[in-house]
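Heads up, the thing below is written out as structure tokens.
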Amino acid sequence: MKKTLNKRRWLSMLGMIVLVTGCQQEPTKLITSENTGQTTETAAKPSPTPPVTPNQETEKEPTSEPIPVSSPNTTVPTNQPVEEQRKEPLSPYQVLNKIREIEKVKGGTYQGEWKEDEYTFHLPDKDGDGRNARYYERSTHHVKVLGKDGLKDFYHLFDPATYPQTTLEAKSIQVNPETRQKMDKIEQKLYTNEDIFHAEWSPNFQAVAYYKGTTEEGQAYIWKVGNDSPSPIKEAVIDRYFFTWSPDSEYLLLDTGTSRHRGGQIYQVANDKMSEPFSYISQFHFSPDSRWAAFSLSSGRVAKEKYGMEDEDTEDIWLYDLATMKQKKLLQADDHTDYFPLEWKSETELLYWKKDYQKNTEEELTLTIPQR
């Protein structure tokens, strides 16, 4: 009898425990309900979060998935800077790679910090010889371009809403992955220095020319792909440079000047040989086969019709032999006629401009270059 009573008491207590436990589990459903707007700190088996409607506010558990840049949750008010958390200044290398990504171009070079707080870059165009300049303002992250009335904002480096919808028609750059990787290693080292100016890759992407110094003077260098460090270009007597490569990448023009009157030297890359300095006017045109270059030079004859112009002398056309580093006159101007090379139509045909000031006529003519 006593054993039976104890058994009943034990069963009764067990039932109470089950009942209390069941009552404690029921509020969990209410707490996780979306209608309450509350969440519990722990739950053994949380129910799935129901779909969110635009008028509902819910708190979700942390997720490892990154929020897309264009997500509304990352939108910054217009009166606050985008990516305010970015405190460290960007190197020219970082900026150029971001510009390449945004504008979907390959190539491009860093041209230097020509004014305080501004990096200048050149992007390639489909013709290969144009200058698509980008000006990056370091303090604001704005990328600017040159418009009719001066510099204007193009886009913000970290605000996708401002990115251009159309991409640049860039020249196709054919570089194998191994070479591209080696070029990138050079750029990582080179474009971290703010005293680098006018970097220019050779057409075969095997070397980059640049000068290191200030906006007023510096030393010219060439850095060949595969080398751990650059080499100075010896015997360069000019103190500030722009660089133009021959089509075959064997010759490099070191150019200087601030007007139509230029000074230059030719550097032979393969044998590390430098020419004597020479003068020319405005442009220096390499032939397609890299055997010649054409340029104009003052004739020493004054044209009275040019009185008041920047150049009152008429101009001859000269031919530069790249192999021998010698030059000769192709067309002799008189005291009322200008000659000026325009472009090479072929390896032996040079298109040039003729202006007769007495007759007030202009012509475009072709000159055939005799073979060596």
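Letters A, B, ... go to the chains of the structure tokens in the order shown; residues in each chain start at 1; ligands are counted from 1 in the same order.
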(message) What parts of region 149-210 of chain A does DSSP call strand (DSSP E)? I'd like the answer as a list in words.
(response) Gly150, Leu151, Lys152, Asp153, Phe154, Tyr155, His156, Ile196, Phe197, His198, Ala199, Glu200, Trp201, Ala207, Val208, Ala209 and Tyr210 of chain A
(message) as an NGL selection string, please: the residues near region 262-273 of chain A (cut-off 7 Å, only C-alpha atoms, same-chain neighbours under 6 positions excluded).
(response) :A and (250-256 or 279-282)
Quick one: write out the picked residues with N, CA, C and O atoms as a tab-separated table (two decimals), in the first residue's frame?
```tsv
chain	number	residue	atom	x	y	z
A	250	GLU	N	62.85	50.02	-79.95
A	250	GLU	CA	64.32	50.03	-79.90
A	250	GLU	C	64.90	51.41	-79.64
A	250	GLU	O	66.05	51.54	-79.23
A	251	TYR	N	64.12	52.46	-79.90
A	251	TYR	CA	64.61	53.83	-79.74
A	251	TYR	C	63.65	54.62	-78.85
A	251	TYR	O	62.43	54.44	-78.90
A	252	LEU	N	64.25	55.52	-78.08
A	252	LEU	CA	63.46	56.33	-77.16
A	252	LEU	C	63.85	57.79	-77.33
A	252	LEU	O	65.03	58.14	-77.25
A	253	LEU	N	62.83	58.62	-77.60
A	253	LEU	CA	63.06	60.06	-77.68
A	253	LEU	C	62.91	60.67	-76.30
A	253	LEU	O	61.86	60.52	-75.66
A	254	LEU	N	63.95	61.35	-75.83
A	254	LEU	CA	63.88	62.14	-74.61
A	254	LEU	C	63.64	63.57	-75.03
A	254	LEU	O	64.50	64.21	-75.64
A	255	ASP	N	62.45	64.06	-74.74
A	255	ASP	CA	62.00	65.35	-75.26
A	255	ASP	C	61.83	66.34	-74.11
A	255	ASP	O	61.42	65.97	-73.00
A	256	THR	N	62.14	67.58	-74.37
A	256	THR	CA	61.92	68.61	-73.37
A	256	THR	C	61.53	69.90	-74.06
A	256	THR	O	61.77	70.09	-75.25
A	279	SER	N	67.69	70.00	-81.85
A	279	SER	CA	66.49	70.82	-81.73
A	279	SER	C	65.49	70.45	-82.82
A	279	SER	O	65.86	69.94	-83.88
A	280	TYR	N	64.23	70.71	-82.56
A	280	TYR	CA	63.18	70.53	-83.56
A	280	TYR	C	61.97	71.35	-83.15
A	280	TYR	O	61.94	71.91	-82.03
A	281	ILE	N	61.01	71.42	-84.03
A	281	ILE	CA	59.82	72.23	-83.77
A	281	ILE	C	58.60	71.32	-83.62
A	281	ILE	O	58.30	70.50	-84.48
A	282	SER	N	57.95	71.46	-82.51
A	282	SER	CA	56.64	70.88	-82.22
A	282	SER	C	56.62	69.35	-82.10
A	282	SER	O	56.44	68.82	-81.01
```
(request) Choose the residue, out of A:Glu187, A:Glu315, A:Glu363, A:Glu88, that has the smallest atom-to-atom separation from His141 (chain A); count only C-alpha atoms. (result)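 Checking each of A:Glu187, A:Glu315, A:Glu363, A:Glu88 against His141 (chain A), counting only C-alpha atoms, the winner is A:Glu88.
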(message) Quick one: residues within 10 Å of region 330-338 of chain A, only C-alpha atoms, excluding same-chain residues fewer than 5 positions away - as a VMD selection string?
(response) chain A and resid 294 to 306 312 to 320 353 to 362 367 369
Export, as an mmCIF file, in the first residue's frame, the selected residues with N, CA and C atoms.
```
data_model
loop_
_atom_site.group_PDB
_atom_site.id
_atom_site.type_symbol
_atom_site.label_atom_id
_atom_site.label_comp_id
_atom_site.auth_asym_id
_atom_site.auth_seq_id
_atom_site.Cartn_x
_atom_site.Cartn_y
_atom_site.Cartn_z
ATOM 1 N N ALA A 294 60.950 62.145 -88.801
ATOM 2 C CA ALA A 294 60.851 63.423 -89.519
ATOM 3 C C ALA A 294 60.464 64.523 -88.541
ATOM 4 N N PHE A 295 61.025 65.710 -88.792
ATOM 5 C CA PHE A 295 60.694 66.860 -87.950
ATOM 6 C C PHE A 295 60.967 68.136 -88.730
ATOM 7 N N SER A 296 60.485 69.245 -88.230
ATOM 8 C CA SER A 296 60.763 70.532 -88.865
ATOM 9 C C SER A 296 61.707 71.343 -87.991
ATOM 10 N N LEU A 297 62.375 72.307 -88.618
ATOM 11 C CA LEU A 297 63.363 73.131 -87.938
ATOM 12 C C LEU A 297 63.403 74.497 -88.613
ATOM 13 N N SER A 298 63.716 75.506 -87.854
ATOM 14 C CA SER A 298 63.760 76.860 -88.394
ATOM 15 C C SER A 298 64.771 76.958 -89.534
ATOM 16 N N SER A 299 64.366 77.659 -90.593
ATOM 17 C CA SER A 299 65.237 77.823 -91.762
ATOM 18 C C SER A 299 66.229 78.970 -91.595
ATOM 19 N N GLY A 300 65.943 79.854 -90.661
ATOM 20 C CA GLY A 300 66.782 81.030 -90.501
ATOM 21 C C GLY A 300 66.381 82.159 -91.430
ATOM 22 N N ARG A 301 65.331 81.926 -92.225
ATOM 23 C CA ARG A 301 64.847 82.953 -93.144
ATOM 24 C C ARG A 301 63.550 83.552 -92.591
ATOM 25 N N VAL A 302 63.537 84.878 -92.478
ATOM 26 C CA VAL A 302 62.373 85.550 -91.907
ATOM 27 C C VAL A 302 61.339 85.824 -93.004
ATOM 28 N N ALA A 303 60.084 85.471 -92.707
ATOM 29 C CA ALA A 303 58.976 85.771 -93.623
ATOM 30 C C ALA A 303 58.243 86.998 -93.085
ATOM 31 N N LYS A 304 58.202 88.062 -93.863
ATOM 32 C CA LYS A 304 57.558 89.286 -93.394
ATOM 33 C C LYS A 304 56.073 89.071 -93.121
ATOM 34 N N GLU A 305 55.491 88.079 -93.830
ATOM 35 C CA GLU A 305 54.062 87.783 -93.627
ATOM 36 C C GLU A 305 53.812 87.145 -92.260
ATOM 37 N N LYS A 306 54.875 86.635 -91.580
ATOM 38 C CA LYS A 306 54.719 85.994 -90.278
ATOM 39 C C LYS A 306 55.056 86.938 -89.128
ATOM 40 N N GLU A 312 58.729 83.715 -86.605
ATOM 41 C CA GLU A 312 58.728 84.538 -87.813
ATOM 42 C C GLU A 312 59.580 83.912 -88.914
ATOM 43 N N ASP A 313 60.443 82.949 -88.533
ATOM 44 C CA ASP A 313 61.229 82.238 -89.536
ATOM 45 C C ASP A 313 60.364 81.178 -90.216
ATOM 46 N N THR A 314 60.663 80.904 -91.457
ATOM 47 C CA THR A 314 60.021 79.771 -92.133
ATOM 48 C C THR A 314 60.672 78.474 -91.653
ATOM 49 N N GLU A 315 60.056 77.328 -92.035
ATOM 50 C CA GLU A 315 60.507 76.048 -91.486
ATOM 51 C C GLU A 315 60.823 75.027 -92.566
ATOM 52 N N ASP A 316 61.980 74.330 -92.381
ATOM 53 C CA ASP A 316 62.391 73.234 -93.256
ATOM 54 C C ASP A 316 61.887 71.908 -92.691
ATOM 55 N N ILE A 317 61.952 70.836 -93.490
ATOM 56 C CA ILE A 317 61.714 69.472 -93.010
ATOM 57 C C ILE A 317 63.036 68.716 -93.015
ATOM 58 N N TRP A 318 63.311 68.031 -91.900
ATOM 59 C CA TRP A 318 64.529 67.264 -91.733
ATOM 60 C C TRP A 318 64.203 65.794 -91.520
ATOM 61 N N LEU A 319 65.173 64.942 -91.853
ATOM 62 C CA LEU A 319 65.047 63.494 -91.689
ATOM 63 C C LEU A 319 66.153 63.004 -90.755
ATOM 64 N N TYR A 320 65.756 62.210 -89.762
ATOM 65 C CA TYR A 320 66.718 61.682 -88.780
ATOM 66 C C TYR A 320 66.886 60.184 -89.024
ATOM 67 N N TRP A 353 52.782 69.275 -94.841
ATOM 68 C CA TRP A 353 51.962 70.464 -95.071
ATOM 69 C C TRP A 353 52.835 71.563 -95.650
ATOM 70 N N LYS A 354 52.335 72.253 -96.662
ATOM 71 C CA LYS A 354 53.051 73.362 -97.298
ATOM 72 C C LYS A 354 52.178 74.612 -97.234
ATOM 73 N N LYS A 355 52.755 75.685 -96.723
ATOM 74 C CA LYS A 355 52.043 76.956 -96.624
ATOM 75 C C LYS A 355 52.835 78.029 -97.348
ATOM 76 N N ASP A 356 52.247 78.627 -98.382
ATOM 77 C CA ASP A 356 52.865 79.711 -99.133
ATOM 78 C C ASP A 356 52.198 81.017 -98.698
ATOM 79 N N TYR A 357 52.944 81.869 -98.014
ATOM 80 C CA TYR A 357 52.367 83.088 -97.451
ATOM 81 C C TYR A 357 52.146 84.166 -98.501
ATOM 82 N N GLN A 358 52.923 84.175 -99.551
ATOM 83 C CA GLN A 358 52.718 85.166 -100.607
ATOM 84 C C GLN A 358 51.473 84.854 -101.426
ATOM 85 N N LYS A 359 51.275 83.579 -101.730
ATOM 86 C CA LYS A 359 50.096 83.173 -102.497
ATOM 87 C C LYS A 359 48.885 82.905 -101.592
ATOM 88 N N ASN A 360 49.154 82.839 -100.286
ATOM 89 C CA ASN A 360 48.112 82.533 -99.302
ATOM 90 C C ASN A 360 47.420 81.196 -99.621
ATOM 91 N N THR A 361 48.248 80.173 -99.869
ATOM 92 C CA THR A 361 47.733 78.833 -100.189
ATOM 93 C C THR A 361 48.293 77.804 -99.207
ATOM 94 N N GLU A 362 47.531 76.720 -99.008
ATOM 95 C CA GLU A 362 47.956 75.605 -98.161
ATOM 96 C C GLU A 362 47.746 74.309 -98.926
ATOM 97 N N LEU A 367 55.845 63.035 -99.804
ATOM 98 C CA LEU A 367 57.253 62.968 -100.172
ATOM 99 C C LEU A 367 57.742 61.532 -100.007
ATOM 100 N N ILE A 369 60.698 58.896 -99.400
ATOM 101 C CA ILE A 369 62.022 58.864 -98.790
ATOM 102 C C ILE A 369 62.877 57.842 -99.533
#
```
(message) Using only C-alpha atoms for the distances, tell me which of A:Pro230, A:Pro160, A:Gly218, A:Pro203 is nearest to Ile186 (chain A).
(response)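 Result for the nearest residue to Ile186 (chain A): A:Pro230.
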(request) Could you check which of A:Tyr135, A:Phe286, A:Tyr163, A:Trp201 is closest to Lys345 (chain A), using only C-alpha atoms? (result)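 Smallest separation from Lys345 (chain A) among the options: A:Phe286.
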(message) Using Å and a single decimal, report how far CA of Gln174 (chain A) sits from CA of Asn132 (chain A).
(response)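 Between these atoms lies a distance of 19.4 Å.
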(message) Counting only C-alpha atoms, which residue out of A:Asp321, A:Glu347, A:Glu310, A:Asp159 sits closest to Ser287 (chain A)?
(response)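 Among the listed residues, A:Glu347 lies closest to Ser287 (chain A).
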(request) For each of A:Arg134, A:Lys234, A:Lys115, A:Lys182, take the minimum atom-to-atom distance to Tyr155 (chain A), counting only C-alpha atoms, then give the residue where this is smallest. (result)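 For Tyr155 (chain A), the nearest of the given residues is A:Arg134.
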Surrounding residues of Ala207 (chain A) excluding itself and chain neighbours under 5 positions, 6 Å, only C-alpha atoms, as a CSV table (one decimal) with all heavy atoms, in the first residue's frame:
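Contents of the output file selection-v6.csv:
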```csv
chain,number,residue,atom,x,y,z
A,201,TRP,N,55.4,53.3,-71.1
A,201,TRP,CA,55.7,51.9,-71.5
A,201,TRP,C,56.1,51.8,-72.9
A,201,TRP,O,55.5,52.5,-73.8
A,201,TRP,CB,54.6,51.0,-71.2
A,201,TRP,CG,54.5,50.6,-69.7
A,201,TRP,CD1,53.6,51.1,-68.8
A,201,TRP,CD2,55.3,49.6,-69.0
A,201,TRP,NE1,53.9,50.5,-67.6
A,201,TRP,CE2,54.8,49.6,-67.7
A,201,TRP,CE3,56.3,48.7,-69.4
A,201,TRP,CZ2,55.4,48.7,-66.7
A,201,TRP,CZ3,56.8,47.9,-68.5
A,201,TRP,CH2,56.4,47.9,-67.2
A,202,SER,N,57.0,51.0,-73.2
A,202,SER,CA,57.4,50.7,-74.6
A,202,SER,C,56.2,50.0,-75.3
A,202,SER,O,55.5,49.3,-74.7
A,202,SER,CB,58.7,49.9,-74.7
A,202,SER,OG,58.5,48.7,-74.0
A,223,TRP,N,63.3,51.1,-66.9
A,223,TRP,CA,63.2,49.9,-66.1
A,223,TRP,C,62.7,48.8,-67.0
A,223,TRP,O,61.6,48.8,-67.5
A,223,TRP,CB,62.2,50.1,-65.0
A,223,TRP,CG,62.3,49.1,-63.8
A,223,TRP,CD1,62.7,47.8,-63.9
A,223,TRP,CD2,61.9,49.3,-62.5
A,223,TRP,NE1,62.6,47.2,-62.7
A,223,TRP,CE2,62.1,48.1,-61.8
A,223,TRP,CE3,61.4,50.4,-61.7
A,223,TRP,CZ2,61.9,47.9,-60.4
A,223,TRP,CZ3,61.2,50.2,-60.4
A,223,TRP,CH2,61.4,49.0,-59.7
A,224,LYS,N,63.5,47.8,-67.2
A,224,LYS,CA,63.2,46.7,-68.1
A,224,LYS,C,62.5,45.6,-67.3
A,224,LYS,O,62.8,45.2,-66.2
A,224,LYS,CB,64.5,46.1,-68.8
A,224,LYS,CG,65.1,47.1,-69.7
A,224,LYS,CD,66.4,46.5,-70.3
A,224,LYS,CE,67.0,47.6,-71.3
A,224,LYS,NZ,68.2,47.0,-71.9
A,225,VAL,N,61.5,45.0,-68.0
A,225,VAL,CA,60.7,43.9,-67.4
A,225,VAL,C,61.6,42.7,-67.1
A,225,VAL,O,62.4,42.3,-67.9
A,225,VAL,CB,59.6,43.4,-68.4
A,225,VAL,CG1,58.9,42.1,-67.9
A,225,VAL,CG2,58.5,44.5,-68.5
```
(message) Here is a test: counting only C-alpha atoms, which residue of A:Lys106, A:His156, A:Arg291, A:Lys328 is nearest to Asp184 (chain A)?
(response)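 The closest residue to Asp184 (chain A) is A:Lys106.
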(message) Would you compute the distance between CA of Tyr211 (chain A) and CA of Pro277 (chain A)? Give it in Å to one decimal.
(response)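 So the answer is 17.4 Å.
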(request) Figure out the distance between CA of Asn97 (chain A) and CA of Ala161 (chain A), please, to one decimal in Å. (result) 18.8 Å
